[in-house]
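Enquirer: Structure file data_16.cif (mmCIF, C-alpha atoms) right here:
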data_query
#
loop_
_atom_site.label_atom_id
_atom_site.label_comp_id
_atom_site.auth_asym_id
_atom_site.auth_seq_id
_atom_site.Cartn_x
_atom_site.Cartn_y
_atom_site.Cartn_z
CA MET D 1 -45.13 48.24 167.38
CA GLY D 2 -43.48 51.67 167.20
CA THR D 3 -41.45 52.96 164.31
CA ASP D 4 -38.18 52.54 166.22
CA ARG D 5 -38.84 48.87 166.78
CA ARG D 6 -39.86 48.29 163.17
CA GLN D 7 -36.68 50.00 161.98
CA PHE D 8 -34.60 47.86 164.28
CA LEU D 9 -36.18 44.62 163.16
CA ARG D 10 -35.84 45.51 159.50
CA LEU D 11 -32.25 46.66 159.66
CA GLY D 12 -30.87 44.08 162.07
CA GLY D 13 -28.01 44.37 164.51
CA ALA D 14 -25.35 45.29 161.98
CA SER D 15 -27.09 48.59 161.32
CA LEU D 16 -28.27 49.06 164.84
CA VAL D 17 -26.37 52.21 165.67
CA SER D 18 -27.55 53.85 162.49
CA ALA D 19 -31.11 52.76 163.20
CA LEU D 20 -31.00 54.22 166.66
CA VAL D 21 -29.56 57.47 165.39
CA PHE D 22 -32.46 57.57 162.94
CA GLY D 23 -34.79 56.84 165.79
CA ALA D 24 -33.35 59.70 167.76
CA CYS D 25 -33.91 62.01 164.83
CA SER D 26 -37.45 60.86 164.07
CA ASP D 27 -40.49 62.53 165.49
CA ASP D 28 -42.12 59.24 166.38
CA THR D 29 -42.15 59.68 170.13
CA ASP D 30 -43.42 57.05 172.50
CA PRO D 31 -43.81 58.81 175.85
CA SER D 32 -44.13 55.48 177.63
CA ALA D 33 -40.70 54.32 176.51
CA ASP D 34 -38.53 56.75 178.42
CA GLY D 35 -36.03 55.60 180.95
CA ASP D 36 -37.84 56.92 184.00
CA GLY D 37 -41.42 57.20 182.89
CA SER D 38 -41.24 60.93 182.46
CA GLY D 39 -42.02 61.00 178.78
CA ALA D 40 -38.55 62.35 178.07
CA GLU D 41 -37.32 62.73 174.52
CA SER D 42 -33.76 62.71 173.24
CA ALA D 43 -32.18 65.50 171.24
CA THR D 44 -30.87 65.27 167.69
CA SER D 45 -27.60 67.15 168.07
CA PRO D 46 -25.01 68.04 170.70
CA ALA D 47 -25.63 71.13 172.74
CA PRO D 48 -22.85 73.09 174.45
CA THR D 49 -25.19 74.36 177.11
CA THR D 50 -28.58 73.53 178.48
CA THR D 51 -31.03 72.93 175.67
CA ALA D 52 -34.77 72.88 176.02
CA LEU D 53 -36.60 70.09 174.22
CA ALA D 54 -40.19 69.81 173.14
CA GLY D 55 -40.91 67.59 176.14
CA PRO D 56 -40.50 68.28 179.83
CA VAL D 57 -36.89 67.07 180.05
CA ILE D 58 -33.92 69.38 179.58
CA ILE D 59 -30.59 68.12 178.29
CA ASP D 60 -28.23 69.34 180.94
CA ASP D 61 -25.37 67.95 182.97
CA LEU D 62 -27.63 66.14 185.40
CA SER D 63 -29.89 64.52 182.82
CA LEU D 64 -26.89 63.40 180.78
CA ALA D 65 -25.27 61.90 183.86
CA ARG D 66 -28.47 60.13 184.93
CA THR D 67 -28.95 58.80 181.41
CA ALA D 68 -25.37 57.51 181.41
CA ALA D 69 -26.01 55.80 184.74
CA SER D 70 -29.09 54.10 183.31
CA LEU D 71 -27.01 52.78 180.43
CA GLU D 72 -24.39 51.45 182.84
CA ALA D 73 -27.10 49.70 184.83
CA LEU D 74 -28.39 48.18 181.60
CA ALA D 75 -24.93 46.93 180.65
CA ILE D 76 -24.46 45.33 184.08
CA ALA D 77 -27.76 43.51 183.67
CA VAL D 78 -26.99 42.37 180.13
CA TYR D 79 -23.55 41.02 180.99
CA GLY D 80 -24.99 39.25 184.00
CA THR D 81 -27.70 37.65 181.90
CA ALA D 82 -25.24 36.73 179.18
CA ALA D 83 -22.90 35.07 181.65
CA SER D 84 -25.61 33.06 183.38
CA SER D 85 -27.76 32.15 180.37
CA GLY D 86 -25.73 29.17 179.26
CA VAL D 87 -25.82 30.53 175.72
CA VAL D 88 -22.24 31.77 175.91
CA THR D 89 -19.86 28.84 176.27
CA ASP D 90 -16.56 30.26 175.04
CA LYS D 91 -14.36 30.70 178.12
CA GLY D 92 -12.57 33.69 176.64
CA ILE D 93 -15.82 35.50 176.00
CA LEU D 94 -17.13 34.60 179.45
CA GLU D 95 -13.98 36.09 180.98
CA LEU D 96 -14.47 39.27 178.97
CA ALA D 97 -18.10 39.42 180.10
CA SER D 98 -17.03 39.10 183.73
CA VAL D 99 -14.40 41.84 183.53
CA PHE D 100 -16.58 44.16 181.47
CA GLY D 101 -19.47 43.71 183.88
CA GLU D 102 -17.16 44.76 186.73
CA HIS D 103 -16.07 47.80 184.73
CA HIS D 104 -19.66 48.86 184.18
CA GLN D 105 -20.36 48.56 187.90
CA GLU D 106 -17.42 50.89 188.58
CA HIS D 107 -18.68 53.22 185.88
CA LEU D 108 -22.14 53.25 187.43
CA ASP D 109 -20.66 54.12 190.80
CA ALA D 110 -18.51 56.89 189.31
CA ILE D 111 -21.37 58.39 187.33
CA ASN D 112 -23.72 58.23 190.29
CA ASP D 113 -21.12 60.13 192.30
CA VAL D 114 -21.44 62.88 189.69
CA VAL D 115 -25.23 62.70 189.92
CA VAL D 116 -25.11 63.12 193.69
CA ASP D 117 -22.63 65.98 193.40
CA TRP D 118 -25.14 67.75 191.19
CA GLY D 119 -27.94 67.21 193.68
CA GLY D 120 -29.68 64.44 191.77
CA ASN D 121 -30.98 61.04 192.74
CA THR D 122 -28.81 58.07 191.86
CA VAL D 123 -29.92 55.75 189.07
CA THR D 124 -29.73 51.98 189.38
CA THR D 125 -32.50 51.00 186.96
CA PRO D 126 -31.57 49.94 183.43
CA ASN D 127 -32.52 52.29 180.63
CA ALA D 128 -36.01 51.15 179.65
CA ALA D 129 -36.08 52.54 176.13
CA LEU D 130 -32.84 50.89 175.07
CA GLN D 131 -33.79 47.67 176.83
CA ARG D 132 -37.06 47.54 174.90
CA LEU D 133 -35.53 48.34 171.52
CA LEU D 134 -32.15 46.66 171.66
CA ILE D 135 -31.91 44.09 174.42
CA ASP D 136 -35.27 42.38 174.77
CA PRO D 137 -35.68 41.37 171.12
CA VAL D 138 -32.39 39.48 171.29
CA LEU D 139 -32.49 38.00 174.77
CA THR D 140 -36.09 36.79 174.42
CA ASN D 141 -35.37 35.04 171.13
CA PRO D 142 -35.74 31.29 171.85
CA ASN D 143 -33.17 30.52 169.13
CA ILE D 144 -30.52 32.85 170.53
CA ALA D 145 -26.92 31.71 170.00
CA GLN D 146 -23.52 32.89 171.20
CA PRO D 147 -22.87 35.16 168.16
CA ASP D 148 -26.18 36.90 168.84
CA VAL D 149 -25.05 37.73 172.36
CA ALA D 150 -21.65 38.90 171.10
CA ARG D 151 -23.35 41.14 168.54
CA LEU D 152 -25.70 42.48 171.19
CA VAL D 153 -22.98 43.54 173.61
CA TYR D 154 -20.86 44.87 170.75
CA ASP D 155 -23.74 47.11 169.68
CA LEU D 156 -24.47 48.13 173.26
CA GLU D 157 -20.85 49.09 173.93
CA ARG D 158 -20.71 51.10 170.71
CA ILE D 159 -23.89 52.95 171.60
CA MET D 160 -22.56 53.68 175.08
CA ALA D 161 -19.20 54.91 173.77
CA GLN D 162 -20.99 57.16 171.30
CA THR D 163 -23.28 58.46 174.04
CA TYR D 164 -20.29 59.58 176.10
CA THR D 165 -18.70 61.22 173.06
CA PHE D 166 -21.96 63.05 172.41
CA ALA D 167 -22.18 64.02 176.08
CA ALA D 168 -18.63 65.40 176.06
CA GLY D 169 -19.84 67.95 173.56
CA ALA D 170 -22.81 68.80 175.73
CA PHE D 171 -21.46 68.83 179.30
CA SER D 172 -20.96 72.36 180.58
CA LEU D 173 -17.80 71.76 182.61
CA PRO D 174 -14.36 70.45 181.56
CA ALA D 175 -14.18 68.09 184.54
CA LEU D 176 -17.42 66.41 183.47
CA ARG D 177 -16.17 66.02 179.90
CA SER D 178 -13.04 64.33 181.20
CA THR D 179 -14.88 62.05 183.59
CA GLY D 180 -17.28 61.04 180.84
CA MET D 181 -14.48 60.23 178.42
CA THR D 182 -12.50 58.20 180.96
CA VAL D 183 -15.58 55.97 180.89
CA GLY D 184 -16.43 56.35 177.21
CA GLY D 185 -12.90 55.48 176.17
CA THR D 186 -13.19 52.24 178.09
CA GLU D 187 -16.50 51.39 176.39
CA ALA D 188 -14.83 51.96 173.01
CA ARG D 189 -12.14 49.47 173.96
CA HIS D 190 -14.76 47.00 175.15
CA ALA D 191 -16.41 47.23 171.74
CA ALA D 192 -13.14 46.74 169.88
CA VAL D 193 -12.21 43.69 171.94
CA ILE D 194 -15.64 42.10 171.57
CA GLY D 195 -15.59 42.84 167.85
CA LEU D 196 -12.28 41.06 167.46
CA VAL D 197 -12.74 38.16 169.87
CA GLY D 198 -16.50 37.58 169.78
CA LEU D 199 -17.37 38.52 166.22
CA LYS D 200 -14.04 37.96 164.46
CA LEU D 201 -14.24 41.38 162.86
CA SER D 202 -11.16 42.78 161.20
CA PRO D 203 -9.47 45.93 162.54
CA ALA D 204 -10.63 47.72 159.41
CA ASP D 205 -14.23 46.79 160.27
CA LEU D 206 -13.78 48.29 163.73
CA PHE D 207 -12.70 51.67 162.40
CA PRO D 208 -15.00 52.86 159.65
CA ALA D 209 -13.54 56.34 160.16
CA SER D 210 -10.61 58.02 161.90
CA PHE D 211 -12.89 59.71 164.41
CA ALA D 212 -15.56 58.39 166.75
CA GLU D 213 -19.16 59.25 166.01
CA ALA D 214 -20.42 62.14 168.13
CA ASN D 215 -24.13 62.28 167.32
CA ASN D 216 -26.64 61.23 169.94
CA PRO D 217 -27.18 57.49 169.28
CA LEU D 218 -30.04 56.99 171.70
CA PRO D 219 -33.60 56.24 170.65
CA SER D 220 -36.53 58.45 171.43
CA GLY D 221 -37.38 58.33 175.09
CA ALA D 222 -34.00 57.18 176.33
CA LEU D 223 -33.09 60.43 178.06
CA VAL D 224 -33.55 60.23 181.82
CA ALA D 225 -34.72 63.38 183.53
CA GLY D 226 -32.34 65.18 185.84
CA MET B 227 -2.78 76.71 178.78
CA ALA B 228 -4.93 78.33 176.15
CA ASP B 229 -6.94 75.97 174.01
CA ALA B 230 -4.85 76.76 170.94
CA ASP B 231 -1.73 75.73 172.85
CA VAL B 232 -3.36 72.50 174.01
CA ALA B 233 -4.37 71.76 170.42
CA ALA B 234 -0.83 72.46 169.21
CA PHE B 235 0.49 70.11 171.90
CA ALA B 236 -1.96 67.43 170.80
CA GLU B 237 -0.91 67.88 167.18
CA SER B 238 2.73 67.39 168.16
CA ILE B 239 1.89 64.24 170.12
CA GLU B 240 -0.03 62.79 167.17
CA LEU B 241 2.83 63.49 164.78
CA ALA B 242 5.24 61.76 167.16
CA ALA B 243 2.90 58.76 167.12
CA VAL B 244 2.85 58.72 163.32
CA SER B 245 6.63 58.67 163.34
CA ALA B 246 6.70 55.90 165.96
CA TYR B 247 4.42 53.67 163.89
CA GLY B 248 6.80 54.19 160.98
CA SER B 249 9.65 52.99 163.17
CA ILE B 250 7.95 49.75 164.20
CA ALA B 251 6.48 48.99 160.76
CA PRO B 252 9.43 46.78 159.70
CA LEU B 253 8.88 44.59 162.77
CA LEU B 254 5.22 43.88 162.05
CA PRO B 255 4.31 40.68 160.20
CA SER B 256 2.26 40.86 157.03
CA ASP B 257 -1.06 40.37 158.82
CA LEU B 258 -0.40 43.28 161.19
CA LYS B 259 1.33 45.65 158.79
CA PRO B 260 -2.02 47.01 157.49
CA VAL B 261 -3.13 47.53 161.08
CA GLY B 262 -0.05 49.60 161.84
CA ASP B 263 -0.57 51.58 158.65
CA LEU B 264 -4.23 52.17 159.52
CA PHE B 265 -3.42 53.38 163.02
CA ALA B 266 -0.69 55.67 161.67
CA LYS B 267 -3.22 57.14 159.26
CA HIS B 268 -5.63 57.73 162.14
CA HIS B 269 -2.94 59.60 164.05
CA GLN B 270 -2.14 61.72 161.00
CA ASP B 271 -5.85 62.55 160.62
CA HIS B 272 -6.01 63.42 164.32
CA ALA B 273 -2.96 65.68 163.95
CA ASN B 274 -4.66 67.45 161.07
CA ALA B 275 -7.81 67.97 163.14
CA PHE B 276 -5.87 69.40 166.07
CA ARG B 277 -3.89 71.62 163.70
CA ALA B 278 -7.13 73.10 162.42
CA VAL B 279 -8.10 74.06 165.98
CA ALA B 280 -4.61 75.24 166.94
CA GLY B 281 -4.39 77.72 164.08
CA GLU B 282 -1.20 79.75 164.24
CA ALA B 283 -0.06 77.94 167.39
CA ALA B 284 0.42 74.72 165.41
CA ARG B 285 4.01 73.82 164.60
CA GLY B 286 3.42 70.96 162.18
CA VAL B 287 6.27 68.83 163.56
CA PRO B 288 6.49 65.91 166.00
CA ASN B 289 6.98 66.73 169.66
CA ASN B 290 10.76 66.71 170.04
CA ALA B 291 10.88 65.65 173.66
CA LEU B 292 8.39 62.85 173.11
CA ALA B 293 10.13 61.72 169.95
CA ALA B 294 13.36 61.49 171.92
CA ALA B 295 11.70 59.53 174.72
CA LEU B 296 10.09 57.15 172.25
CA ALA B 297 13.36 56.69 170.38
CA ALA B 298 14.95 55.58 173.63
CA ARG B 299 12.16 53.07 174.19
CA LEU B 300 12.43 51.84 170.62
CA ARG B 301 16.06 50.86 171.09
CA GLY B 302 14.81 47.83 173.01
CA VAL B 303 12.12 46.96 170.48
CA THR B 304 13.41 44.27 168.17
CA ASP B 305 10.54 41.92 167.41
CA ARG B 306 6.80 41.68 166.77
CA ASP B 307 5.65 41.41 170.35
CA ALA B 308 7.93 44.18 171.58
CA ALA B 309 6.65 46.41 168.77
CA LEU B 310 3.02 45.68 169.63
CA ASP B 311 3.68 46.22 173.33
CA PHE B 312 5.39 49.53 172.57
CA ALA B 313 2.37 50.67 170.55
CA PHE B 314 -0.05 49.38 173.21
CA GLY B 315 1.69 51.52 175.82
CA LEU B 316 1.85 54.56 173.57
CA GLU B 317 -1.86 54.41 172.73
CA ASN B 318 -2.75 54.11 176.41
CA GLN B 319 -0.58 57.10 177.25
CA ILE B 320 -2.02 59.25 174.47
CA ALA B 321 -5.57 58.41 175.58
CA ALA B 322 -4.62 59.39 179.14
CA THR B 323 -3.13 62.62 177.83
CA TYR B 324 -6.46 63.58 176.29
CA ALA B 325 -8.45 62.55 179.35
CA TRP B 326 -6.27 64.96 181.31
CA ALA B 327 -6.42 67.64 178.62
CA LEU B 328 -10.20 67.61 178.71
CA THR B 329 -9.96 68.89 182.29
CA VAL B 330 -8.18 72.04 181.09
CA VAL B 331 -9.73 72.68 177.69
CA GLN B 332 -12.33 75.43 177.99
CA GLY B 333 -13.76 75.69 174.49
CA ILE B 334 -16.26 73.22 173.15
CA ASP B 335 -14.65 72.99 169.69
CA LEU B 336 -11.42 71.45 170.95
CA ALA B 337 -13.25 69.36 173.55
CA ARG B 338 -15.39 67.83 170.81
CA VAL B 339 -12.39 66.97 168.66
CA MET B 340 -10.64 65.41 171.62
CA ALA B 341 -13.74 63.42 172.53
CA THR B 342 -13.87 61.92 169.03
CA VAL B 343 -10.16 61.08 169.07
CA LEU B 344 -9.78 59.52 172.54
CA PRO B 345 -12.08 56.51 171.87
CA ILE B 346 -10.14 55.70 168.71
CA GLN B 347 -6.82 55.65 170.59
CA SER B 348 -8.37 53.52 173.31
CA ALA B 349 -9.75 51.08 170.74
CA HIS B 350 -6.32 50.95 169.10
CA ALA B 351 -4.94 49.76 172.43
CA GLY B 352 -7.63 47.09 172.54
CA VAL B 353 -6.72 45.77 169.11
CA LEU B 354 -3.01 45.76 169.95
CA GLY B 355 -3.63 44.05 173.28
CA VAL B 356 -5.71 41.31 171.66
CA SER B 357 -2.97 40.82 169.05
CA LEU B 358 -0.55 40.34 171.93
CA GLY B 359 -2.82 37.72 173.49
CA LYS B 360 -3.30 39.71 176.67
CA ALA B 361 -5.77 38.43 179.24
CA ALA B 362 -9.05 40.34 179.62
CA ARG B 363 -7.94 42.30 182.66
CA ASP B 364 -4.54 43.14 181.18
CA LEU B 365 -6.21 44.79 178.20
CA PHE B 366 -7.14 47.57 180.62
CA PRO B 367 -3.93 48.44 182.48
CA THR B 368 -5.57 51.28 184.41
CA GLY B 369 -8.73 49.32 185.21
CA ALA B 370 -12.26 50.45 184.49
CA LEU B 371 -11.32 54.01 183.66
CA ILE B 372 -8.90 55.62 181.23
CA ALA B 373 -6.20 57.32 183.28
CA SER B 374 -6.40 61.09 183.43
CA ALA B 375 -3.05 61.97 185.03
CA VAL B 376 0.04 63.11 183.16
CA GLY B 377 3.72 62.84 183.97
CA GLY B 378 7.17 62.49 182.52
CA GLY B 379 6.33 59.54 180.30
CA SER B 380 8.08 56.77 182.21
CA ASP B 381 4.91 55.61 183.97
CA SER B 382 2.76 53.78 181.43
CA GLY B 383 -0.28 54.59 183.55
CA GLU B 384 0.09 58.29 182.91
CA GLY B 385 -0.20 60.53 179.89
CA PHE B 386 2.32 63.07 178.67
CA ASP B 387 2.65 66.30 180.63
CA PRO B 388 2.89 69.28 178.26
CA LEU B 389 5.32 70.92 180.67
CA ARG B 390 7.68 67.94 180.26
CA PHE B 391 6.97 67.61 176.54
CA PRO B 392 6.76 71.16 175.25
CA VAL B 393 5.72 71.75 171.67
CA GLY B 394 8.63 72.01 169.32
#
Can you turn what I pasted into structure tokens?
Expert:
Amino acid sequence: MGTDRRQFLRLGGASLVSALVFGACSDDTDPSADGDGSGAESATSPAPTTTALAGPVIIDDLSLARTAASLEALAIAVYGTAASSGVVTDKGILELASVFGEHHQEHLDAINDVVVDWGGNTVTTPNAALQRLLIDPVLTNPNIAQPDVARLVYDLERIMAQTYTFAAGAFSLPALRSTGMTVGGTEARHAAVIGLVGLKLSPADLFPASFAEANNPLPSGALVAG
Amino acid sequence: MADADVAAFAESIELAAVSAYGSIAPLLPSDLKPVGDLFAKHHQDHANAFRAVAGEAARGVPNNALAAALAARLRGVTDRDAALDFAFGLENQIAATYAWALTVVQGIDLARVMATVLPIQSAHAGVLGVSLGKAARDLFPTGALIASAVGGGSDSGEGFDPLRFPVG
């Protein structure tokens, strides 16, 4: 079991985003856990222009877009599983899952358009690193209950929103920053709605600060090569 | 527009939002009053952040044209639901304004501030929409993406055009 996984299990879902930020900042790299098998490693801070990492992957517009696409593909899969699992029985939450799943499909299409524009190959495979660290431990739990699923998608949406905010500080072109935030803003609303409806959080809980987090929230190995 | 001018415009929009939340505060019930106060504080903090980027271009006052447009809207706002719906529309339009602004901002400093503000405004809209009991799809009036067009303010699916809402 890698350090990232141990941190996740010890801290639990409530501290998930913090745990993943820690994971992104740690030097415990598992080359097998990257999204595309390239041994990619995530960065620890935003970069206004192309930034070379220790590994073979460069954080640039294309790798950020392909990583975002892999997160969208993961969200589509998670919402699909959540809706069909029988674990979620609340009709209101099922309706949210249906609509949010559709949104993520549109996001995937929009982001893949960017990928193609930049000469890259489209991504339709869920992000393997995040699936291993965040999704699988919850969805393979035989005692999983509806609140666990709500917490899972809440955490996933928060991570995705934060990823787009991080990317907006790293994309090289204004148009990419805007496109990313038209998606990231929607993920932030997803999270707020799930927090209120699925987890019964208070508005104060949803806004620990006046500004969204902008650090890279992804675990080691989540960056997908361009 | 130079980045400093965009930041000054954003500051003026945020200050107009602070003022608008003050106007609807008396219509909010006790359970939602703290929410309105929290969102107003966020907008004030956002104004302060934009002012820091705008430097000497900042005016430190609400956008006059927007304040006038919002005052006209507020004349028809007389109860809880109307107040929440007003705020829901305003938050959506401010988020759209920033999605558009990010297409013209050149410097990374302002882009980063805007990228940390936009998700908060969008989440505000989510909270307000849930408080209104909106259906899942209606919580996202522009669909899967935040709008990134601006106009004269009458279309709730568009943000505020700085040419129609000049700073001052």
Enquirer: What residues come out when you apply the PyMOL selection byres ((chain D) within 7 of (chain B)) to this file, written as a list in words?
Expert: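 When the PyMOL selection byres ((chain D) within 7 of (chain B)) is applied to the shown file, the picked residues are Pro48, Glu95, Leu96, Val99, His103, Glu106, Thr165, Ala168, Gly169, Pro174, Ala175, Arg177, Ser178, Met181, Thr182, Val183, Gly184, Gly185, Thr186, Ala188, Arg189, Ala192, Val193, Pro203, Ser210, Phe211, Ala212, Glu213 and Ala214 of chain D.
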Enquirer: For the file shown, report as a list in words the outcome of the PyMOL selection byres ((chain D and resi 146) around 6) at residue level.
Expert: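 Given this file, the PyMOL selection byres ((chain D and resi 146) around 6) evaluates to Val87, Val88, Ala145, Pro147, Asp148 and Val149 of chain D.
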Enquirer: Compare B:Val232, B:Glu240, B:Tyr247, B:Asn290 by their minimum atom-to-atom distance to Phe391 of chain B, counting only C-alpha atoms, and give me the closest one.
Expert: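 Smallest separation from Phe391 of chain B among the options: B:Asn290.
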Enquirer: So which one's closest to Ala77 of chain D, D:Ala161, D:Ile93, D:Ile59, D:Leu108? Using only C-alpha atoms, please.
Expert: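 Under the stated criterion, the closest residue is D:Leu108.
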Enquirer: Suppose you want the space between atom CA of Tyr154 of chain D and atom CA of Ile194 of chain D; what is it in Å?
Expert: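 So the answer is 6.0 Å.
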Enquirer: Once 3 Å is added on each side, what are the centre and the three edge lengths, in Å to one decimal, of the axis-aligned box enclosing the listed atoms of segment 198-211 of chain D? Present them as AutoDock Vina command-line options.
Expert:
--center_x -13.4 --center_y 48.6 --center_z 164.6 --size_x 13.9 --size_y 28.1 --size_z 16.4
